[in-house]
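Asker: My structure is stored as work.csv, with CSV, C-alpha atoms.
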```
chain,number,residue,atom,x,y,z
A,1,MET,CA,-98.7,18.5,177.7
A,2,PRO,CA,-95.2,18.9,179.0
A,3,GLN,CA,-94.2,15.8,181.0
A,4,ASN,CA,-91.2,13.7,181.7
A,5,ALA,CA,-90.9,10.7,179.5
A,6,ASP,CA,-88.4,8.6,177.8
A,7,GLN,CA,-89.4,8.3,174.1
A,8,HIS,CA,-86.5,6.7,172.2
A,9,GLY,CA,-84.7,6.7,175.6
A,10,THR,CA,-83.2,10.2,175.1
A,11,ALA,CA,-84.9,12.0,177.9
A,12,ALA,CA,-84.5,9.3,180.6
A,13,GLY,CA,-83.4,10.6,183.9
A,14,LEU,CA,-83.6,14.2,182.8
A,15,ALA,CA,-86.3,15.6,185.2
A,16,ALA,CA,-85.3,19.1,184.3
A,17,ILE,CA,-86.1,18.7,180.6
A,18,PRO,CA,-89.8,18.5,180.0
A,19,PHE,CA,-91.2,16.4,177.2
A,20,THR,CA,-94.4,17.0,175.2
A,21,ARG,CA,-96.5,14.5,173.5
A,22,TYR,CA,-100.3,14.4,172.9
A,23,LEU,CA,-100.7,11.6,170.4
A,24,SER,CA,-99.1,8.2,171.0
A,25,ALA,CA,-97.4,6.3,168.3
A,26,GLN,CA,-100.7,4.5,167.8
A,27,GLY,CA,-102.6,7.8,167.4
A,28,THR,CA,-104.4,7.7,170.8
A,29,VAL,CA,-104.7,10.8,172.9
A,30,GLN,CA,-102.6,11.3,176.0
A,31,GLY,CA,-103.7,13.9,178.5
A,32,CYS,CA,-105.7,17.0,177.7
A,33,LEU,CA,-105.3,18.4,174.3
A,34,PRO,CA,-104.6,22.1,173.8
A,35,ASP,CA,-107.6,24.1,172.6
A,36,PHE,CA,-106.5,24.3,168.9
A,37,ALA,CA,-106.2,20.5,168.8
A,38,LYS,CA,-109.9,20.0,169.8
A,39,GLN,CA,-111.1,21.6,166.6
A,40,ARG,CA,-111.5,19.4,163.5
A,41,THR,CA,-110.6,22.2,161.1
A,42,GLU,CA,-107.3,22.9,162.8
A,43,LEU,CA,-106.4,19.2,162.8
A,44,THR,CA,-107.3,18.7,159.1
A,45,ALA,CA,-105.3,21.8,158.2
A,46,LEU,CA,-102.2,20.3,160.0
A,47,TYR,CA,-102.8,17.0,158.3
A,48,ALA,CA,-103.1,18.6,154.9
A,49,GLY,CA,-99.9,20.5,155.5
A,50,MET,CA,-98.1,17.2,156.3
A,51,LEU,CA,-99.7,15.4,153.3
A,52,ARG,CA,-98.7,18.3,151.0
A,53,THR,CA,-95.1,18.0,152.2
A,54,ARG,CA,-95.0,14.2,151.7
A,55,LEU,CA,-96.5,14.2,148.2
A,56,PHE,CA,-94.1,17.0,147.2
A,57,ASP,CA,-91.3,15.0,148.7
A,58,LYS,CA,-92.2,12.0,146.6
A,59,LYS,CA,-92.4,14.0,143.4
A,60,ALA,CA,-89.1,15.8,144.1
A,61,VAL,CA,-87.3,12.5,144.6
A,62,ALA,CA,-88.8,11.2,141.3
A,63,LEU,CA,-87.7,14.3,139.4
A,64,GLN,CA,-84.1,13.9,140.8
A,65,ARG,CA,-84.0,10.2,139.9
A,66,THR,CA,-84.9,11.0,136.3
A,67,GLY,CA,-82.3,13.7,136.0
A,68,ARG,CA,-84.7,16.7,136.2
A,69,LEU,CA,-83.7,18.0,139.6
A,70,GLY,CA,-80.5,18.4,141.5
A,71,THR,CA,-79.6,16.7,144.8
A,72,PHE,CA,-82.7,16.8,147.1
A,73,ALA,CA,-83.0,16.5,150.9
A,74,SER,CA,-86.1,14.5,151.7
A,75,SER,CA,-88.2,15.3,154.8
A,76,LEU,CA,-89.9,11.8,154.9
A,77,GLY,CA,-91.0,11.2,158.5
A,78,GLN,CA,-90.3,14.7,159.7
A,79,GLU,CA,-93.4,16.4,158.3
A,80,ALA,CA,-94.8,17.0,161.8
A,81,ALA,CA,-91.9,19.1,162.9
A,82,ALA,CA,-91.9,21.4,159.9
A,83,VAL,CA,-95.7,21.9,159.9
A,84,GLY,CA,-96.0,22.2,163.6
A,85,ILE,CA,-93.3,24.9,163.7
A,86,ALA,CA,-94.9,27.0,161.0
A,87,ALA,CA,-98.4,26.6,162.4
A,88,ALA,CA,-97.2,28.1,165.6
A,89,MET,CA,-95.6,31.1,164.0
A,90,ARG,CA,-97.2,34.4,163.1
A,91,PRO,CA,-96.8,35.8,159.5
A,92,GLU,CA,-94.6,38.6,160.8
A,93,ASP,CA,-92.1,36.2,162.4
A,94,VAL,CA,-89.1,35.2,160.4
A,95,LEU,CA,-88.2,31.6,159.6
A,96,LEU,CA,-84.5,30.6,159.2
A,97,PRO,CA,-84.8,27.0,157.9
A,98,SER,CA,-82.3,24.3,157.3
A,99,PHE,CA,-82.7,22.1,154.3
A,100,ARG,CA,-85.6,19.8,155.4
A,101,GLU,CA,-88.2,22.4,156.2
A,102,GLN,CA,-90.2,22.4,153.0
A,103,GLY,CA,-93.4,21.8,155.0
A,104,ALA,CA,-92.8,24.9,157.1
A,105,GLN,CA,-92.0,27.0,154.0
A,106,PHE,CA,-95.1,25.8,152.2
A,107,TRP,CA,-97.3,26.6,155.2
A,108,ARG,CA,-95.8,30.1,155.3
A,109,GLY,CA,-96.5,30.8,151.6
A,110,VAL,CA,-93.4,29.6,149.7
A,111,ARG,CA,-94.7,28.0,146.4
A,112,MET,CA,-93.8,24.5,145.5
A,113,GLU,CA,-92.4,25.6,142.1
A,114,GLU,CA,-90.0,28.0,144.0
A,115,SER,CA,-88.7,25.1,146.1
A,116,LEU,CA,-88.2,23.0,142.9
A,117,LEU,CA,-86.3,25.8,141.3
A,118,TYR,CA,-84.0,26.0,144.3
A,119,TRP,CA,-83.3,22.3,144.2
A,120,GLY,CA,-82.9,22.5,140.5
A,121,GLY,CA,-80.0,25.0,141.0
A,122,ASP,CA,-81.9,28.1,140.1
A,123,GLU,CA,-81.5,30.9,142.6
A,124,ARG,CA,-84.9,32.4,141.6
A,125,GLY,CA,-86.2,29.6,143.9
A,126,SER,CA,-84.9,31.7,146.9
A,127,ASP,CA,-86.7,34.8,145.8
A,128,PHE,CA,-90.0,33.9,147.5
A,129,ALA,CA,-93.2,35.7,146.3
A,130,GLY,CA,-94.7,35.0,149.7
A,131,PRO,CA,-92.8,35.4,153.0
A,132,ARG,CA,-90.3,38.0,151.7
A,133,GLN,CA,-88.3,38.2,154.9
A,134,ASP,CA,-88.0,34.5,155.5
A,135,PHE,CA,-84.5,33.3,154.9
A,136,PRO,CA,-83.7,30.9,152.1
A,137,VAL,CA,-82.7,27.2,152.6
A,138,CYS,CA,-79.5,27.0,154.6
A,139,VAL,CA,-77.3,24.1,153.5
A,140,PRO,CA,-74.2,25.1,155.6
A,141,VAL,CA,-74.6,23.3,158.9
A,142,SER,CA,-75.5,25.6,161.8
A,143,THR,CA,-74.9,29.0,160.2
A,144,GLN,CA,-78.7,29.8,160.5
A,145,TYR,CA,-78.4,30.1,164.3
A,146,PRO,CA,-76.2,33.2,164.6
A,147,GLN,CA,-78.2,34.7,161.7
A,148,ALA,CA,-81.3,34.2,163.8
A,149,VAL,CA,-79.6,36.1,166.7
A,150,GLY,CA,-79.0,39.0,164.3
A,151,VAL,CA,-82.6,39.0,163.2
A,152,ALA,CA,-83.9,38.7,166.7
A,153,LEU,CA,-81.6,41.5,167.9
A,154,ALA,CA,-83.0,43.8,165.1
A,155,PHE,CA,-86.6,43.0,166.3
A,156,GLN,CA,-85.6,43.8,169.8
A,157,LEU,CA,-83.9,47.1,168.9
A,158,ARG,CA,-86.9,48.2,166.9
A,159,GLY,CA,-89.3,47.3,169.6
A,160,GLU,CA,-91.2,44.9,167.3
A,161,ALA,CA,-93.2,42.0,168.7
A,162,ARG,CA,-91.7,39.6,166.2
A,163,CYS,CA,-89.6,36.4,166.7
A,164,ALA,CA,-86.9,34.6,164.8
A,165,VAL,CA,-87.2,30.9,164.5
A,166,ALA,CA,-84.1,28.9,163.4
A,167,VAL,CA,-84.3,25.2,162.6
A,168,GLY,CA,-81.4,22.8,162.3
A,169,GLY,CA,-80.6,19.1,162.6
A,170,ASP,CA,-79.1,17.2,165.5
A,171,GLY,CA,-75.7,17.4,163.8
A,172,SER,CA,-75.8,21.1,163.8
A,173,THR,CA,-75.7,21.2,167.6
A,174,SER,CA,-72.1,20.0,167.5
A,175,ARG,CA,-71.0,23.1,165.8
A,176,GLY,CA,-69.7,26.2,167.5
A,177,ASP,CA,-72.2,28.4,165.7
A,178,PHE,CA,-75.0,26.7,167.6
A,179,HIS,CA,-73.4,27.4,171.1
A,180,GLU,CA,-72.3,30.9,170.3
A,181,ALA,CA,-75.8,31.8,169.0
A,182,LEU,CA,-77.5,30.4,172.1
A,183,ASN,CA,-75.0,32.2,174.4
A,184,MET,CA,-75.7,35.6,172.9
A,185,ALA,CA,-79.5,35.0,172.7
A,186,GLY,CA,-79.3,34.3,176.4
A,187,VAL,CA,-77.2,37.3,177.3
A,188,TRP,CA,-79.3,39.7,175.3
A,189,THR,CA,-82.7,38.0,176.1
A,190,LEU,CA,-83.6,37.9,172.5
A,191,PRO,CA,-87.0,37.0,170.9
A,192,ALA,CA,-85.8,33.8,169.3
A,193,VAL,CA,-86.7,30.1,169.2
A,194,PHE,CA,-84.1,27.5,168.2
A,195,VAL,CA,-85.6,24.2,167.1
A,196,ILE,CA,-83.5,21.1,166.8
A,197,ASN,CA,-85.0,18.6,164.4
A,198,ASN,CA,-83.4,15.5,165.9
A,199,ASN,CA,-83.9,12.8,163.3
A,200,GLN,CA,-81.2,10.6,165.0
A,201,TRP,CA,-78.7,10.7,162.1
A,202,ALA,CA,-76.2,13.3,161.0
A,203,ILE,CA,-75.8,11.8,157.5
A,204,SER,CA,-74.2,8.4,158.5
A,205,VAL,CA,-73.3,9.3,162.1
A,206,PRO,CA,-75.8,8.1,164.7
A,207,LEU,CA,-76.7,10.5,167.6
A,208,SER,CA,-74.9,8.2,170.1
A,209,SER,CA,-71.6,8.7,168.2
A,210,GLN,CA,-72.0,12.5,168.0
A,211,THR,CA,-72.8,13.6,171.6
A,212,ALA,CA,-72.7,12.2,175.1
A,213,ALA,CA,-75.5,14.5,176.1
A,214,ALA,CA,-78.6,12.7,177.3
A,215,ALA,CA,-80.8,15.2,175.4
A,216,LEU,CA,-79.9,17.9,172.9
A,217,ALA,CA,-82.4,20.3,174.6
A,218,GLN,CA,-80.1,20.0,177.6
A,219,LYS,CA,-77.5,22.1,175.8
A,220,ALA,CA,-79.8,25.1,176.4
A,221,VAL,CA,-79.0,25.0,180.1
A,222,ALA,CA,-75.4,26.2,179.5
A,223,ALA,CA,-76.7,29.3,177.8
A,224,GLY,CA,-79.2,30.1,180.5
A,225,LEU,CA,-82.2,29.2,178.3
A,226,PRO,CA,-85.1,26.9,178.9
A,227,GLY,CA,-84.9,23.6,176.9
A,228,GLU,CA,-87.8,21.3,176.1
A,229,GLN,CA,-88.3,18.1,174.1
A,230,ALA,CA,-91.3,17.4,172.0
A,231,ASP,CA,-92.3,14.2,170.1
A,232,GLY,CA,-91.4,15.3,166.6
A,233,CYS,CA,-93.8,12.8,165.0
A,234,ASP,CA,-96.7,14.4,166.9
A,235,VAL,CA,-97.6,17.6,165.1
A,236,ILE,CA,-99.9,18.7,168.0
A,237,ALA,CA,-97.0,18.5,170.4
A,238,VAL,CA,-94.6,20.4,168.2
A,239,ARG,CA,-97.1,23.2,167.6
A,240,ASP,CA,-97.9,23.5,171.3
A,241,ALA,CA,-94.3,23.5,172.4
A,242,VAL,CA,-93.2,26.1,169.8
A,243,GLU,CA,-96.3,28.3,170.5
A,244,ARG,CA,-95.4,28.4,174.2
A,245,ALA,CA,-91.8,29.3,173.3
A,246,LEU,CA,-92.9,32.0,171.0
A,247,ALA,CA,-95.3,33.5,173.5
A,248,ARG,CA,-92.5,33.6,176.0
A,249,ALA,CA,-90.2,35.3,173.5
A,250,ARG,CA,-92.8,37.8,172.4
A,251,SER,CA,-93.5,38.8,176.0
A,252,GLY,CA,-89.9,39.6,176.7
A,253,GLY,CA,-88.9,36.3,178.3
A,254,GLY,CA,-86.1,35.6,175.9
A,255,ALA,CA,-85.1,32.6,173.7
A,256,SER,CA,-85.9,28.9,174.1
A,257,VAL,CA,-84.6,25.6,172.6
A,258,ILE,CA,-87.1,23.0,171.4
A,259,GLU,CA,-85.8,19.5,170.5
A,260,CYS,CA,-88.2,17.7,168.2
A,261,ILE,CA,-87.4,14.0,168.3
A,262,SER,CA,-88.3,12.2,165.1
A,263,TYR,CA,-86.6,9.8,162.7
A,264,ARG,CA,-85.3,10.2,159.2
A,265,LEU,CA,-87.1,7.6,157.2
A,266,SER,CA,-85.3,8.5,154.0
A,267,ASP,CA,-81.7,8.7,152.9
A,268,HIS,CA,-79.9,11.9,154.0
A,269,THR,CA,-80.2,13.2,150.5
A,270,THR,CA,-80.6,11.7,147.1
A,271,ALA,CA,-76.8,11.5,147.0
A,272,ASP,CA,-76.8,9.1,150.0
A,273,ASP,CA,-77.6,5.4,150.5
A,274,ALA,CA,-78.7,4.9,154.1
A,275,ALA,CA,-78.9,1.1,153.6
A,276,ARG,CA,-75.1,1.1,153.9
A,277,TYR,CA,-75.1,2.2,157.5
A,278,ARG,CA,-78.5,1.3,159.1
A,279,ASP,CA,-80.6,-1.9,159.0
A,280,ASP,CA,-84.1,-2.3,157.6
A,281,ALA,CA,-85.5,-3.4,161.0
A,282,GLU,CA,-84.7,-0.1,162.6
A,283,VAL,CA,-86.3,1.9,159.8
A,284,SER,CA,-89.4,-0.4,159.9
A,285,ARG,CA,-89.9,0.2,163.6
A,286,HIS,CA,-90.1,4.0,163.0
A,287,TRP,CA,-92.5,3.7,160.1
A,288,ALA,CA,-95.0,2.4,162.7
A,289,ALA,CA,-94.9,5.8,164.5
A,290,GLU,CA,-94.7,8.1,161.5
A,291,PRO,CA,-96.6,11.4,161.8
A,292,LEU,CA,-99.3,11.2,159.1
A,293,ARG,CA,-100.5,7.7,160.2
A,294,ARG,CA,-100.6,8.9,163.7
A,295,LEU,CA,-102.8,12.0,163.1
A,296,ARG,CA,-104.9,10.3,160.5
A,297,LYS,CA,-105.8,7.6,163.1
A,298,HIS,CA,-106.8,10.3,165.6
A,299,LEU,CA,-108.9,12.1,163.0
A,300,GLN,CA,-110.7,8.9,162.1
A,301,ASP,CA,-111.4,8.0,165.7
A,302,ALA,CA,-112.3,11.4,167.2
A,303,HIS,CA,-113.6,13.4,164.2
A,304,GLY,CA,-115.0,10.9,161.8
A,305,TRP,CA,-112.4,11.4,159.0
A,306,THR,CA,-113.6,9.3,156.1
A,307,ARG,CA,-111.9,7.4,153.3
A,308,GLN,CA,-113.7,9.7,150.8
A,309,GLU,CA,-112.2,12.8,152.5
A,310,GLU,CA,-108.8,11.2,152.5
A,311,GLU,CA,-108.9,10.4,148.8
A,312,ALA,CA,-110.3,13.8,147.9
A,313,LEU,CA,-107.5,15.5,149.8
A,314,LYS,CA,-104.9,13.3,148.2
A,315,ALA,CA,-106.3,14.1,144.7
A,316,GLU,CA,-106.4,17.9,145.4
A,317,ILE,CA,-102.8,18.0,146.7
A,318,GLY,CA,-101.6,15.6,144.0
A,319,SER,CA,-102.9,18.0,141.3
A,320,GLU,CA,-101.2,20.9,143.1
A,321,VAL,CA,-97.9,19.0,143.1
A,322,GLU,CA,-98.1,18.1,139.5
A,323,ALA,CA,-99.0,21.7,138.5
A,324,ALA,CA,-96.0,22.9,140.4
A,325,ALA,CA,-93.7,20.4,138.7
A,326,GLU,CA,-94.9,21.3,135.3
A,327,ALA,CA,-94.4,25.0,136.1
A,328,TYR,CA,-90.9,24.3,137.3
A,329,LEU,CA,-90.0,22.2,134.2
A,330,ALA,CA,-91.4,24.9,131.9
A,331,THR,CA,-89.4,27.7,133.5
A,332,PRO,CA,-86.7,28.8,131.0
A,333,PRO,CA,-83.2,28.6,132.4
A,334,GLN,CA,-81.5,31.8,133.4
A,335,PRO,CA,-78.7,33.1,131.1
A,336,ASP,CA,-75.2,32.0,131.8
A,337,THR,CA,-74.3,35.4,133.1
A,338,ALA,CA,-76.9,35.2,135.9
A,339,VAL,CA,-74.5,34.1,138.6
A,340,ALA,CA,-72.3,37.1,137.9
A,341,ASP,CA,-75.3,39.4,137.8
A,342,TYR,CA,-75.9,38.8,141.5
A,343,LEU,CA,-72.2,38.9,142.6
A,344,TYR,CA,-70.5,41.6,140.6
A,345,ALA,CA,-71.1,45.1,139.3
A,346,GLY,CA,-69.9,44.0,135.9
A,347,LEU,CA,-68.5,41.1,134.0
A,348,ALA,CA,-64.8,40.5,133.5
A,349,GLY,CA,-64.8,41.8,130.0
A,350,ALA,CA,-65.9,45.3,131.2
A,351,VAL,CA,-63.0,45.6,133.7
A,352,PRO,CA,-60.1,47.7,132.5
A,353,PRO,CA,-57.0,45.6,131.8
A,354,ILE,CA,-54.4,45.5,134.5
A,355,PRO,CA,-51.3,47.5,133.5
A,356,ALA,CA,-48.2,45.4,132.8
A,357,GLN,CA,-45.7,45.5,135.6
A,358,PRO,CA,-42.2,46.9,135.0
A,359,ALA,CA,-39.6,44.2,134.4
A,360,GLU,CA,-37.8,44.9,137.6
A,361,ALA,CA,-41.1,44.4,139.6
A,362,ARG,CA,-41.8,41.1,137.9
A,363,ASP,CA,-38.3,39.8,138.6
A,364,GLY,CA,-38.7,40.6,142.3
```
Would you encode the structure as structure tokens?

Answerer:
Amino acid sequence: MPQNADQHGTAAGLAAIPFTRYLSAQGTVQGCLPDFAKQRTELTALYAGMLRTRLFDKKAVALQRTGRLGTFASSLGQEAAAVGIAAAMRPEDVLLPSFREQGAQFWRGVRMEESLLYWGGDERGSDFAGPRQDFPVCVPVSTQYPQAVGVALAFQLRGEARCAVAVGGDGSTSRGDFHEALNMAGVWTLPAVFVINNNQWAISVPLSSQTAAAALAQKAVAAGLPGEQADGCDVIAVRDAVERALARARSGGGASVIECISYRLSDHTTADDAARYRDDAEVSRHWAAEPLRRLRKHLQDAHGWTRQEEEALKAEIGSEVEAAAEAYLATPPQPDTAVADYLYAGLAGAVPPIPAQPAEARDG
């Protein structure tokens, strides 16, 4: 339900920027739920998607800490944003993720072992067996936004009822790419949705030190686009907001900006130590509102979700994660020449030697 609220204080005083939340931090329902959220099967699927993301996340961090995976970007506390986005999309849409959207990728068909291969430094992890046209993980900050404009323009020119969905962090909205992409999406009325996953921290830079804007969704206004905030820890709110934006884009209404407000409960990556720049009390406050606890409470209260169902789901997904890790660890490494195979027509040894220059040319 779009409303004007002030969660975390970021939307205060911005009557023009609607805010969507259906589940409070305590897991109680606010307002009238959208139709999909009245069905137990839909809610349990969303919960399973978030739990799958969290258990994968835990395993990936463990693999990195034991030297069996490269630097990894955890999505702890941000599972609702990723799963909510993907649940709102159609298979034919195209996802252009940042580096914390594992949950969205899994929902759309990317396999866990593919994700582990990517974080293990193996580019075969970007050659998805599932969503062949989804873009790979984007580590450069903000470059996925103009790429989404290109994808959406292609859909528009072909007359296809498909949408491009780009996801980035709060820090990415300070880059020129973000503003240029929104500007062209507005001018050309493109079928695109730009989702800002506002986890309050751009590595060690807090949001308040990065922008004076009262809301990141407000930045849509300058491009002539509608902007909306959603509680990024409420998967129902995220799915509803993105679904409405996609419906608008698909019907020719153009692009939208959705700001999902969450909190990064982990370090920025496994190469970071967040304890050096934020205190434990702040982190503890946000654990109380984290997305899995919130939806689980609602499932228990409204749909009779039992301890037995919870344990069975954990066991099922845990086995899935372990199998993916074993498959990743058992994958033979690529030959040393693999990097060149994808960049050049041939290796240096096959290139004819450069003729020696005449002495007068060498001497200038």

Asker: So how far away is atom CA of A:Val195 from atom CA of A:Cys138, in Å?

Answerer: 14.2 Å

Asker: Can you build me a table of stretch 14-99 of chain A residues sitting at most 7 Å from stretch 268-285 of chain A, with the closest atom pair per residue and its distance in Å to one decimal, using all atoms listed in the file, sorted by chain and residue number, as a tab-separated table?

Answerer:
```
residue	atom	partner	partner_atom	distance
A:Thr71	CA	A:Thr270	CA	5.6
A:Phe72	CA	A:Thr270	CA	5.5
A:Ala73	CA	A:Thr269	CA	4.3
A:Ser74	CA	A:Thr269	CA	6.2
```

Asker: Return the single residue from A:Gly304, A:Gly254, A:Gly318, A:Pro335 that is closest to A:Lys59, with distances computed using all atoms listed in the file.

Answerer: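 Checking each candidate against A:Lys59, we get A:Gly318 as the closest.
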
Asker: I'd like the neighbourhood of A:Pro34 as a ChimeraX atom specification, where a residue qualifies if any of its atoms comes within 12 Å (using all atoms listed in the file), though same-chain residues fewer than 5 positions away should be ignored.

Answerer: /A:1-2,20-23,29,39,42-43,236-241,243-244

Asker: Store the residues of this selection in a file with C-alpha atoms, as a tab-separated table (two decimals), in the coordinates of the input.

Answerer:
```
chain	number	residue	atom	x	y	z
A	1	MET	CA	-98.70	18.50	177.70
A	2	PRO	CA	-95.20	18.90	179.00
A	20	THR	CA	-94.40	17.00	175.20
A	21	ARG	CA	-96.50	14.50	173.50
A	22	TYR	CA	-100.30	14.40	172.90
A	23	LEU	CA	-100.70	11.60	170.40
A	29	VAL	CA	-104.70	10.80	172.90
A	39	GLN	CA	-111.10	21.60	166.60
A	42	GLU	CA	-107.30	22.90	162.80
A	43	LEU	CA	-106.40	19.20	162.80
A	236	ILE	CA	-99.90	18.70	168.00
A	237	ALA	CA	-97.00	18.50	170.40
A	238	VAL	CA	-94.60	20.40	168.20
A	239	ARG	CA	-97.10	23.20	167.60
A	240	ASP	CA	-97.90	23.50	171.30
A	241	ALA	CA	-94.30	23.50	172.40
A	243	GLU	CA	-96.30	28.30	170.50
A	244	ARG	CA	-95.40	28.40	174.20
```

Asker: Write out as a PyMOL selection string each polymer residue whose atoms come within 10 Å of A:Pro206, counting only C-alpha atoms; drop sequence neighbours fewer than 5 positions from it.

Answerer: chain A and resi 170-171+199-201+211+277-278

Asker: Let me make sure I understand: among A:Asp234, A:Arg54, A:Gln102, A:Arg124, which one has the smallest atom-to-atom distance to A:Lys297 if we use only C-alpha atoms?

Answerer: A:Asp234

Asker: Figure out the distance between atom CA of A:Pro97 and atom CA of A:Arg293, please, to one decimal in Å.

Answerer: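 Taking atom CA of A:Arg293 as the start and atom CA of A:Pro97 as the end point, the length is 25.0 Å.
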
Asker: If you measure from atom CA of A:Thr28 to atom CA of A:Glu311, what distance in Å do you get, rounded to one decimal?

Answerer: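 That distance, rounded to one decimal, is 22.6 Å.
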